[in-house]
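Presented below is the structure to which this report refers.
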Amino acid sequence: MTPRNPARFADSRREDRRRTFPALQPLDGQEFASSWWGNAWVEALEDTALDRARLVRGRAYAGRGHVDAITVTPGRVMAYVHGSRPRPYRTEIRLRTLTDEDWDDFLAAAASRPDHIAALLDKDVPHALATVADLLPTPGDLIPDCSCPDDGYPCKHAAALCYQTARLLDNDPFVLFLMRGRGEREILADLSHRNATRSAAERSGAATGTAVPTVPASEAFASRPLPPLPPPFAPPAHPGRPPAYPHTPGAPDPLALDLLATEAAARAHSLLTTGTDPVAQLTQWQDAVRLAAAHPGSGLTASTRALYRELAAATDHTPTDLARAVAAWRQGGLAALAVLEEPWDPPAGPFDRARPALIAADFPHFRPWRNHLSTGSLQLRFGRDGVWYGYESDPDREDWWPRGTPDADPVGALTALLDR
């Protein structure tokens with residue numbers, strides 16, 4: 001239906017899609033968010049950050065009230081943030097808006113259940129709704145921009161704005177919906193229309209008293225040839241993504257939940273497509289190494305460092321043991337891990353021919369020990385799979401770490417090690 005006053009309708013829509021919040025009061029040692037969606041926003045910021053020190057300073061700026069009024073529009077959060085100079089910096093956080101199809105999925109899911117509508121009216125976001133259209137940001141979804149000269153990602157001013165925005169989301173989840181593209185009045189009007197349409201259809205069906213179609217039992221149980229079963233659905237190309245898990249007091253660790261869900265999806269996908277479980281034969285230690293190796297490099301984020309500590313403690317190893325084993329796994333999987341941990345005596349053959357080959361290539365100083373050929377800082381290890389694996393150590397320290405690309409030729413493995 002066309003609105004009676006299109007200009008007034010357009011003005012109302014523009015107002016609904018732009019909200020400005022006055023500067024928030026300073027915090028006194030409190031958390032910036034207590035709701036699960038507010039904490040998800042904070043985690044997306046912290047998992048994106050490349051410098052933890054800037055996060056700490058941004059958190060302090062936000063706590064001391066350095067962030068002025070915050071303006072939220074679709075795809076953008078903007079505020080002026082006071083730093084060390086007299087003039088504040090113009091700071092923005094950008095994120096992707098949802099498509100019309102995403103919004104249609106979200107609103108249809110919300111309107112299908114009265115408890116979802118009631119939760120939204122009560123400023124609460126059911127977990128099931130948040131996953132329908134990827135409402136919550138993920139690491140890398142938040143793009144900071146600031147007029148300050150700091151090239152950090154994010155700078156402390158953008159971090160401060162993110163932390164203060166979490167407080168807005170905590171109080172009103174419709175701020176998150178506005179960031180994703182739609183205002184509160186627009187969403188509630190759409191839900192009201194969908195709910196009214198649904199109720200009218202239910203009343204119409206009840207009023208007509210349409211009879212439920214039936215089939216005589218003798219016909220249903222009569223013997224007859226059955227049609228062939230339809231072909232099975234094609235398996236998906238990749239395992240599905242797990243939902244975003246909240247980080248709330250007393251709840252399970254969201255990183256652990258994410259790992260469990262991701263693992264279950266990957267193993268189910270492998271069983272569906274190959275009929276085998278890729279990790280069924282691994283020991284607890286081997287599986288811990290595999291899990292850590294699948295995670296981004298250690299030391300980048302607090303969550304990754306915590307993962308290494310917990311996996312190492314659970315398997316009676318040190319984080320350094322785990323990091324060395326992860327380097328081996330990334331070098332060549334289970335076979336490379338065995339090379340790291342299991343010295344052995346190879347039979348005569350390829351191992352005995354390795355030293356003459358190295359000498360011919362002008363590498364004469366390797367000394368043998370079991371399946372190792374070593375110098376003061378370089379080492380080649382011969383695996384039971386007939387492949388050579390490169391290792392490095394600081395000179396004369398015997399602190400060997402897997403490096404380079406494995407090769408069936410010892411000269412090739414050494415060349416790959418030296419070319420790093």
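Chain labels A, B, ... are given in the sequence in which chains occur in the structure tokens; within each chain residues are numbered consecutively from 1, and ligands are likewise numbered from 1 in the order shown.
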Practice item. Report as an MDAnalysis selection string: the residues of range 32-163 of chain A with a DSSP assignment of helix (DSSP H, G or I), based on the backbone of this structure. Key: chainID A and resid 36:48 52:63 100:111 114:121 127:130 156:163
Expected file: the selected residues, C-alpha atoms, as a tab-separated table (two decimals), in the first residue's frame:
```
chain	number	residue	atom	x	y	z
A	36	TRP	CA	25.99	-12.39	25.23
A	37	TRP	CA	25.67	-10.25	22.07
A	38	GLY	CA	27.57	-7.36	23.68
A	39	ASN	CA	30.37	-9.72	24.64
A	40	ALA	CA	30.39	-11.15	21.11
A	41	TRP	CA	31.01	-7.61	19.82
A	42	VAL	CA	33.94	-7.15	22.24
A	43	GLU	CA	35.42	-10.55	21.26
A	44	ALA	CA	35.24	-9.66	17.55
A	45	LEU	CA	37.23	-6.50	18.32
A	46	GLU	CA	39.82	-8.26	20.47
A	47	ASP	CA	40.29	-11.19	18.05
A	48	THR	CA	40.87	-8.70	15.20
A	52	ARG	CA	47.12	-5.92	22.59
A	53	ALA	CA	48.72	-2.79	24.07
A	54	ARG	CA	46.51	-0.55	21.94
A	55	LEU	CA	43.46	-2.48	23.14
A	56	VAL	CA	44.47	-1.86	26.76
A	57	ARG	CA	44.86	1.87	26.13
A	58	GLY	CA	41.58	2.01	24.19
A	59	ARG	CA	39.81	0.25	27.05
A	60	ALA	CA	41.24	2.83	29.45
A	61	TYR	CA	40.13	5.70	27.17
A	62	ALA	CA	36.60	4.30	27.05
A	63	GLY	CA	36.49	3.72	30.80
A	100	ASP	CA	17.19	-7.70	1.74
A	101	GLU	CA	17.21	-11.51	1.50
A	102	ASP	CA	19.04	-11.75	4.85
A	103	TRP	CA	16.52	-9.44	6.46
A	104	ASP	CA	13.63	-11.42	5.01
A	105	ASP	CA	15.06	-14.62	6.52
A	106	PHE	CA	15.59	-12.93	9.88
A	107	LEU	CA	12.12	-11.34	10.05
A	108	ALA	CA	10.40	-14.52	8.88
A	109	ALA	CA	12.17	-16.50	11.62
A	110	ALA	CA	11.26	-13.90	14.25
A	111	ALA	CA	7.62	-13.68	13.19
A	114	PRO	CA	5.65	-15.42	19.43
A	115	ASP	CA	8.42	-15.93	22.02
A	116	HIS	CA	10.95	-14.44	19.59
A	117	ILE	CA	8.81	-11.34	19.10
A	118	ALA	CA	8.33	-11.02	22.86
A	119	ALA	CA	12.09	-11.33	23.41
A	120	LEU	CA	12.84	-8.57	20.89
A	121	LEU	CA	10.26	-6.27	22.46
A	127	HIS	CA	20.51	-17.15	20.09
A	128	ALA	CA	18.55	-18.85	17.30
A	129	LEU	CA	17.73	-15.51	15.66
A	130	ALA	CA	21.30	-14.21	15.78
A	156	LYS	CA	43.46	3.13	20.68
A	157	HIS	CA	40.75	5.64	19.66
A	158	ALA	CA	38.92	3.09	17.48
A	159	ALA	CA	39.29	0.51	20.25
A	160	ALA	CA	37.76	2.98	22.74
A	161	LEU	CA	34.83	3.57	20.37
A	162	CYS	CA	34.30	-0.21	20.03
A	163	TYR	CA	34.25	-0.72	23.80
```
**Study point:** strand (DSSP E) residues, from DSSP on the backbone, in range 109-219 of chain A, as an NGL selection string
**Key:** :A and (143-146)
Check your understanding: Suppose you want the space between CA of Glu392 in chain A and CA of Ala313 in chain A; what is it in Å?
Key ->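 Result for CA of Glu392 in chain A versus CA of Ala313 in chain A: 26.1 Å, one decimal.
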Check your understanding: Any idea what's packed within 9 Å of Leu259 in chain A, counting only C-alpha atoms, ignoring anything in its chain fewer than 5 positions away? Could you give it as a list in words?
Key -> Pro242, Pro254, Ala264 and Leu291 of chain A
Serialized selection, N, CA, C and O atoms, as a PDB file, in the first residue's frame:
```pdb
ATOM      1  N   PRO A 242      30.244 -23.148  12.601  1.00  0.00           N
ATOM      2  CA  PRO A 242      29.508 -23.155  13.875  1.00  0.00           C
ATOM      3  C   PRO A 242      28.941 -21.776  14.170  1.00  0.00           C
ATOM      4  O   PRO A 242      29.408 -20.768  13.618  1.00  0.00           O
ATOM      5  N   PRO A 254      33.823 -20.143  25.169  1.00  0.00           N
ATOM      6  CA  PRO A 254      33.362 -20.091  23.776  1.00  0.00           C
ATOM      7  C   PRO A 254      34.378 -20.627  22.782  1.00  0.00           C
ATOM      8  O   PRO A 254      34.010 -21.194  21.762  1.00  0.00           O
ATOM      9  N   ALA A 264      33.431 -31.428  15.091  1.00  0.00           N
ATOM     10  CA  ALA A 264      32.307 -32.323  14.791  1.00  0.00           C
ATOM     11  C   ALA A 264      31.858 -32.165  13.344  1.00  0.00           C
ATOM     12  O   ALA A 264      31.590 -33.154  12.649  1.00  0.00           O
ATOM     13  N   LEU A 291      44.883 -30.277  16.627  1.00  0.00           N
ATOM     14  CA  LEU A 291      43.987 -29.160  16.914  1.00  0.00           C
ATOM     15  C   LEU A 291      44.756 -27.842  16.962  1.00  0.00           C
ATOM     16  O   LEU A 291      44.319 -26.835  16.402  1.00  0.00           O
TER      17      LEU A 291
END
```
Exercise for review: Pick out the residues sitting within 9 Å of Arg370 in chain A, and hand them over as a PyMOL selection string; count only C-alpha atoms, and ignore anything fewer than 5 positions along from it in its own chain.
Suggested key: chain A and resi 343-346
Next, the residues of the selection above should be written as a PDB file, in the first residue's frame with C-alpha atoms.
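Ended up saving to part09.pdb:
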```pdb
ATOM      1  CA  PRO A 343      64.615 -41.741  16.698  1.00  0.00           C
ATOM      2  CA  TRP A 344      65.185 -45.098  14.979  1.00  0.00           C
ATOM      3  CA  ASP A 345      67.878 -47.118  13.218  1.00  0.00           C
ATOM      4  CA  PRO A 346      67.221 -47.146   9.475  1.00  0.00           C
TER       5      PRO A 346
END
```
Review point. At what distance in Å, to one decimal, does CA of Leu417 in chain A lie from CA of Gly404 in chain A?
Key: 4.5 Å
**Study point:** Minimum-distance residue to Thr131 in chain A, chosen among A:Ala288, A:Pro243, A:Phe366, A:Pro410 (using only C-alpha atoms)
**Key:** A:Pro243
Review point. Within 8 Å of Arg167 in chain A, counting only C-alpha atoms, which residues qualify if same-chain residues fewer than 2 places away don't, as a PyMOL selection string?
Key: chain A and resi 32-33+38+163-165+169-171
The selected residues should be written to file as a PDB file, in the first residue's frame (atoms: N, CA and C atoms).
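Output contents, as saved in result_9.pdb:
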```pdb
ATOM      1  N   PHE A  32      32.341  -3.800  30.078  1.00  0.00           N
ATOM      2  CA  PHE A  32      31.639  -2.993  29.089  1.00  0.00           C
ATOM      3  C   PHE A  32      30.364  -3.666  28.593  1.00  0.00           C
ATOM      4  N   ALA A  33      30.241  -4.965  28.779  1.00  0.00           N
ATOM      5  CA  ALA A  33      29.049  -5.675  28.304  1.00  0.00           C
ATOM      6  C   ALA A  33      28.762  -6.841  29.243  1.00  0.00           C
ATOM      7  N   GLY A  38      26.585  -8.396  23.418  1.00  0.00           N
ATOM      8  CA  GLY A  38      27.570  -7.359  23.685  1.00  0.00           C
ATOM      9  C   GLY A  38      28.965  -7.935  23.822  1.00  0.00           C
ATOM     10  N   TYR A 163      34.634  -0.349  22.437  1.00  0.00           N
ATOM     11  CA  TYR A 163      34.246  -0.720  23.801  1.00  0.00           C
ATOM     12  C   TYR A 163      32.999   0.061  24.242  1.00  0.00           C
ATOM     13  N   GLN A 164      32.934   1.349  23.917  1.00  0.00           N
ATOM     14  CA  GLN A 164      31.746   2.118  24.296  1.00  0.00           C
ATOM     15  C   GLN A 164      30.517   1.649  23.511  1.00  0.00           C
ATOM     16  N   THR A 165      30.725   1.252  22.262  1.00  0.00           N
ATOM     17  CA  THR A 165      29.603   0.741  21.471  1.00  0.00           C
ATOM     18  C   THR A 165      29.041  -0.527  22.088  1.00  0.00           C
ATOM     19  N   LEU A 169      25.098  -1.587  22.756  1.00  0.00           N
ATOM     20  CA  LEU A 169      24.475  -2.850  22.362  1.00  0.00           C
ATOM     21  C   LEU A 169      23.900  -3.576  23.571  1.00  0.00           C
ATOM     22  N   ASP A 170      24.595  -3.503  24.702  1.00  0.00           N
ATOM     23  CA  ASP A 170      24.142  -4.159  25.914  1.00  0.00           C
ATOM     24  C   ASP A 170      22.766  -3.650  26.332  1.00  0.00           C
ATOM     25  N   ASN A 171      22.575  -2.340  26.206  1.00  0.00           N
ATOM     26  CA  ASN A 171      21.304  -1.736  26.637  1.00  0.00           C
ATOM     27  C   ASN A 171      20.205  -1.880  25.603  1.00  0.00           C
TER      28      ASN A 171
END
```
Review point. Which value, in Å to one decimal, gives the distance between CA of Asp409 in chain A and CA of Arg330 in chain A?
Key: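 We find that CA of Asp409 in chain A and CA of Arg330 in chain A lie 19.5 Å from each other.
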List the neighbours of range 92-98 of chain A out to 8 Å using only C-alpha atoms; skip same-chain residues closer than 4 positions along the sequence, and give me the result as a PDB file with N, CA and C atoms, in the first residue's frame.
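Once written, selection.pdb looks like this:
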```pdb
ATOM      1  N   PRO A  74      23.343   2.751   9.268  1.00  0.00           N
ATOM      2  CA  PRO A  74      23.614   1.440   8.673  1.00  0.00           C
ATOM      3  C   PRO A  74      25.061   1.303   8.211  1.00  0.00           C
ATOM      4  N   GLY A  75      25.743   0.283   8.728  1.00  0.00           N
ATOM      5  CA  GLY A  75      27.102  -0.003   8.321  1.00  0.00           C
ATOM      6  C   GLY A  75      28.172   0.875   8.935  1.00  0.00           C
ATOM      7  N   ARG A  76      27.821   1.742   9.920  1.00  0.00           N
ATOM      8  CA  ARG A  76      28.811   2.694  10.406  1.00  0.00           C
ATOM      9  C   ARG A  76      28.489   3.133  11.833  1.00  0.00           C
ATOM     10  N   VAL A  77      29.557   3.241  12.649  1.00  0.00           N
ATOM     11  CA  VAL A  77      29.475   3.820  13.994  1.00  0.00           C
ATOM     12  C   VAL A  77      30.529   4.923  14.052  1.00  0.00           C
ATOM     13  N   MET A  78      30.154   6.142  14.439  1.00  0.00           N
ATOM     14  CA  MET A  78      31.079   7.271  14.403  1.00  0.00           C
ATOM     15  C   MET A  78      31.016   8.052  15.701  1.00  0.00           C
ATOM     16  N   ALA A  79      32.178   8.556  16.157  1.00  0.00           N
ATOM     17  CA  ALA A  79      32.244   9.430  17.327  1.00  0.00           C
ATOM     18  C   ALA A  79      33.568  10.180  17.280  1.00  0.00           C
ATOM     19  N   ASP A 102      18.676 -11.434   3.465  1.00  0.00           N
ATOM     20  CA  ASP A 102      19.042 -11.746   4.846  1.00  0.00           C
ATOM     21  C   ASP A 102      17.982 -11.230   5.814  1.00  0.00           C
ATOM     22  N   TRP A 103      17.541 -10.008   5.577  1.00  0.00           N
ATOM     23  CA  TRP A 103      16.520  -9.438   6.463  1.00  0.00           C
ATOM     24  C   TRP A 103      15.208 -10.210   6.357  1.00  0.00           C
ATOM     25  N   ALA A 133      20.909 -14.794  10.205  1.00  0.00           N
ATOM     26  CA  ALA A 133      21.437 -13.898   9.175  1.00  0.00           C
ATOM     27  C   ALA A 133      22.810 -13.343   9.522  1.00  0.00           C
ATOM     28  N   PRO A 137      29.082  -9.705  14.618  1.00  0.00           N
ATOM     29  CA  PRO A 137      30.331  -9.589  13.859  1.00  0.00           C
ATOM     30  C   PRO A 137      31.279 -10.731  14.180  1.00  0.00           C
ATOM     31  N   ASP A 141      35.386  -8.566  10.666  1.00  0.00           N
ATOM     32  CA  ASP A 141      34.164  -7.934  10.188  1.00  0.00           C
ATOM     33  C   ASP A 141      34.125  -6.452  10.555  1.00  0.00           C
ATOM     34  N   LEU A 142      34.827  -6.053  11.610  1.00  0.00           N
ATOM     35  CA  LEU A 142      34.858  -4.670  12.062  1.00  0.00           C
ATOM     36  C   LEU A 142      36.059  -3.966  11.435  1.00  0.00           C
ATOM     37  N   ILE A 143      35.814  -2.876  10.705  1.00  0.00           N
ATOM     38  CA  ILE A 143      36.873  -2.158  10.002  1.00  0.00           C
ATOM     39  C   ILE A 143      37.026  -0.783  10.633  1.00  0.00           C
ATOM     40  N   PRO A 144      38.129  -0.531  11.382  1.00  0.00           N
ATOM     41  CA  PRO A 144      38.293   0.754  12.050  1.00  0.00           C
ATOM     42  C   PRO A 144      38.907   1.794  11.122  1.00  0.00           C
ATOM     43  N   ASP A 145      38.603   3.074  11.402  1.00  0.00           N
ATOM     44  CA  ASP A 145      39.196   4.184  10.668  1.00  0.00           C
ATOM     45  C   ASP A 145      39.244   5.382  11.611  1.00  0.00           C
ATOM     46  N   CYS A 146      40.369   6.101  11.622  1.00  0.00           N
ATOM     47  CA  CYS A 146      40.541   7.201  12.568  1.00  0.00           C
ATOM     48  C   CYS A 146      41.408   8.271  11.923  1.00  0.00           C
ATOM     49  N   ALA A 158      39.930   4.003  18.036  1.00  0.00           N
ATOM     50  CA  ALA A 158      38.923   3.091  17.476  1.00  0.00           C
ATOM     51  C   ALA A 158      38.571   1.995  18.479  1.00  0.00           C
ATOM     52  N   LEU A 161      36.169   3.464  20.949  1.00  0.00           N
ATOM     53  CA  LEU A 161      34.825   3.565  20.374  1.00  0.00           C
ATOM     54  C   LEU A 161      34.144   2.195  20.363  1.00  0.00           C
ATOM     55  N   CYS A 162      34.881   1.131  20.038  1.00  0.00           N
ATOM     56  CA  CYS A 162      34.303  -0.213  20.026  1.00  0.00           C
ATOM     57  C   CYS A 162      33.826  -0.615  21.421  1.00  0.00           C
ATOM     58  N   MET A 179      23.015  -1.068  12.866  1.00  0.00           N
ATOM     59  CA  MET A 179      24.324  -1.195  12.218  1.00  0.00           C
ATOM     60  C   MET A 179      24.243  -2.107  10.997  1.00  0.00           C
ATOM     61  N   ARG A 180      23.417  -3.132  11.095  1.00  0.00           N
ATOM     62  CA  ARG A 180      23.288  -4.084   9.987  1.00  0.00           C
ATOM     63  C   ARG A 180      22.316  -3.607   8.905  1.00  0.00           C
ATOM     64  N   GLY A 181      21.657  -2.434   9.124  1.00  0.00           N
ATOM     65  CA  GLY A 181      20.915  -1.870   7.999  1.00  0.00           C
ATOM     66  C   GLY A 181      19.481  -1.451   8.231  1.00  0.00           C
TER      67      GLY A 181
END
```
Check your understanding: Excluding same-chain residues fewer than 4 positions from Arg397 in chain A, what lies within 12 Å of it counting only C-alpha atoms, as a list in words?
Key -> Thr375, Gly376, Ser377, Leu378, Glu392, Ser393 and Trp401 of chain A
Just write the chosen residues, all heavy atoms, as an mmCIF file, in the first residue's frame.
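See again.cif below for the written result:
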```cif
data_model
loop_
_atom_site.group_PDB
_atom_site.id
_atom_site.type_symbol
_atom_site.label_atom_id
_atom_site.label_comp_id
_atom_site.auth_asym_id
_atom_site.auth_seq_id
_atom_site.Cartn_x
_atom_site.Cartn_y
_atom_site.Cartn_z
ATOM 1 N N THR A 375 74.847 -31.029 11.589
ATOM 2 C CA THR A 375 75.974 -30.118 11.753
ATOM 3 C C THR A 375 75.717 -29.344 13.037
ATOM 4 O O THR A 375 74.833 -29.700 13.825
ATOM 5 C CB THR A 375 76.092 -29.159 10.562
ATOM 6 O OG1 THR A 375 74.976 -28.259 10.562
ATOM 7 C CG2 THR A 375 76.147 -29.918 9.251
ATOM 8 N N GLY A 376 76.432 -28.243 13.235
ATOM 9 C CA GLY A 376 76.219 -27.473 14.460
ATOM 10 C C GLY A 376 74.864 -26.812 14.525
ATOM 11 O O GLY A 376 74.323 -26.593 15.610
ATOM 12 N N SER A 377 74.259 -26.473 13.358
ATOM 13 C CA SER A 377 72.989 -25.753 13.379
ATOM 14 C C SER A 377 71.965 -26.300 12.399
ATOM 15 O O SER A 377 70.828 -25.821 12.369
ATOM 16 C CB SER A 377 73.221 -24.263 13.076
ATOM 17 O OG SER A 377 73.804 -24.114 11.783
ATOM 18 N N LEU A 378 72.338 -27.284 11.582
ATOM 19 C CA LEU A 378 71.413 -27.874 10.614
ATOM 20 C C LEU A 378 71.330 -29.370 10.840
ATOM 21 O O LEU A 378 72.296 -30.008 11.276
ATOM 22 C CB LEU A 378 71.873 -27.602 9.177
ATOM 23 C CG LEU A 378 71.976 -26.138 8.744
ATOM 24 C CD1 LEU A 378 72.556 -26.063 7.341
ATOM 25 C CD2 LEU A 378 70.609 -25.459 8.801
ATOM 26 N N GLU A 392 66.438 -27.062 12.323
ATOM 27 C CA GLU A 392 67.407 -26.020 12.630
ATOM 28 C C GLU A 392 67.545 -25.864 14.132
ATOM 29 O O GLU A 392 66.614 -26.158 14.887
ATOM 30 C CB GLU A 392 66.974 -24.676 12.036
ATOM 31 C CG GLU A 392 67.238 -24.527 10.561
ATOM 32 C CD GLU A 392 66.892 -23.141 10.053
ATOM 33 O OE1 GLU A 392 66.119 -22.434 10.733
ATOM 34 O OE2 GLU A 392 67.397 -22.763 8.994
ATOM 35 N N SER A 393 68.720 -25.367 14.555
ATOM 36 C CA SER A 393 68.966 -25.056 15.955
ATOM 37 C C SER A 393 69.950 -23.902 16.020
ATOM 38 O O SER A 393 70.722 -23.670 15.069
ATOM 39 C CB SER A 393 69.542 -26.279 16.691
ATOM 40 O OG SER A 393 69.974 -25.936 17.995
ATOM 41 N N TRP A 401 64.358 -27.568 15.822
ATOM 42 C CA TRP A 401 62.982 -27.236 15.443
ATOM 43 C C TRP A 401 62.758 -27.609 13.984
ATOM 44 O O TRP A 401 63.626 -27.367 13.142
ATOM 45 C CB TRP A 401 62.723 -25.741 15.626
ATOM 46 C CG TRP A 401 62.557 -25.356 17.057
ATOM 47 C CD1 TRP A 401 63.525 -25.181 17.987
ATOM 48 C CD2 TRP A 401 61.309 -25.126 17.726
ATOM 49 N NE1 TRP A 401 62.988 -24.845 19.193
ATOM 50 C CE2 TRP A 401 61.617 -24.797 19.071
ATOM 51 C CE3 TRP A 401 59.968 -25.150 17.333
ATOM 52 C CZ2 TRP A 401 60.640 -24.512 20.024
ATOM 53 C CZ3 TRP A 401 58.985 -24.851 18.263
ATOM 54 C CH2 TRP A 401 59.329 -24.550 19.588
#
```
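Nearest to Arg85 in chain A of all the residues A:Ala293, A:Ala408, A:Cys148, A:Ala49 is A:Cys148, counting only C-alpha atoms.
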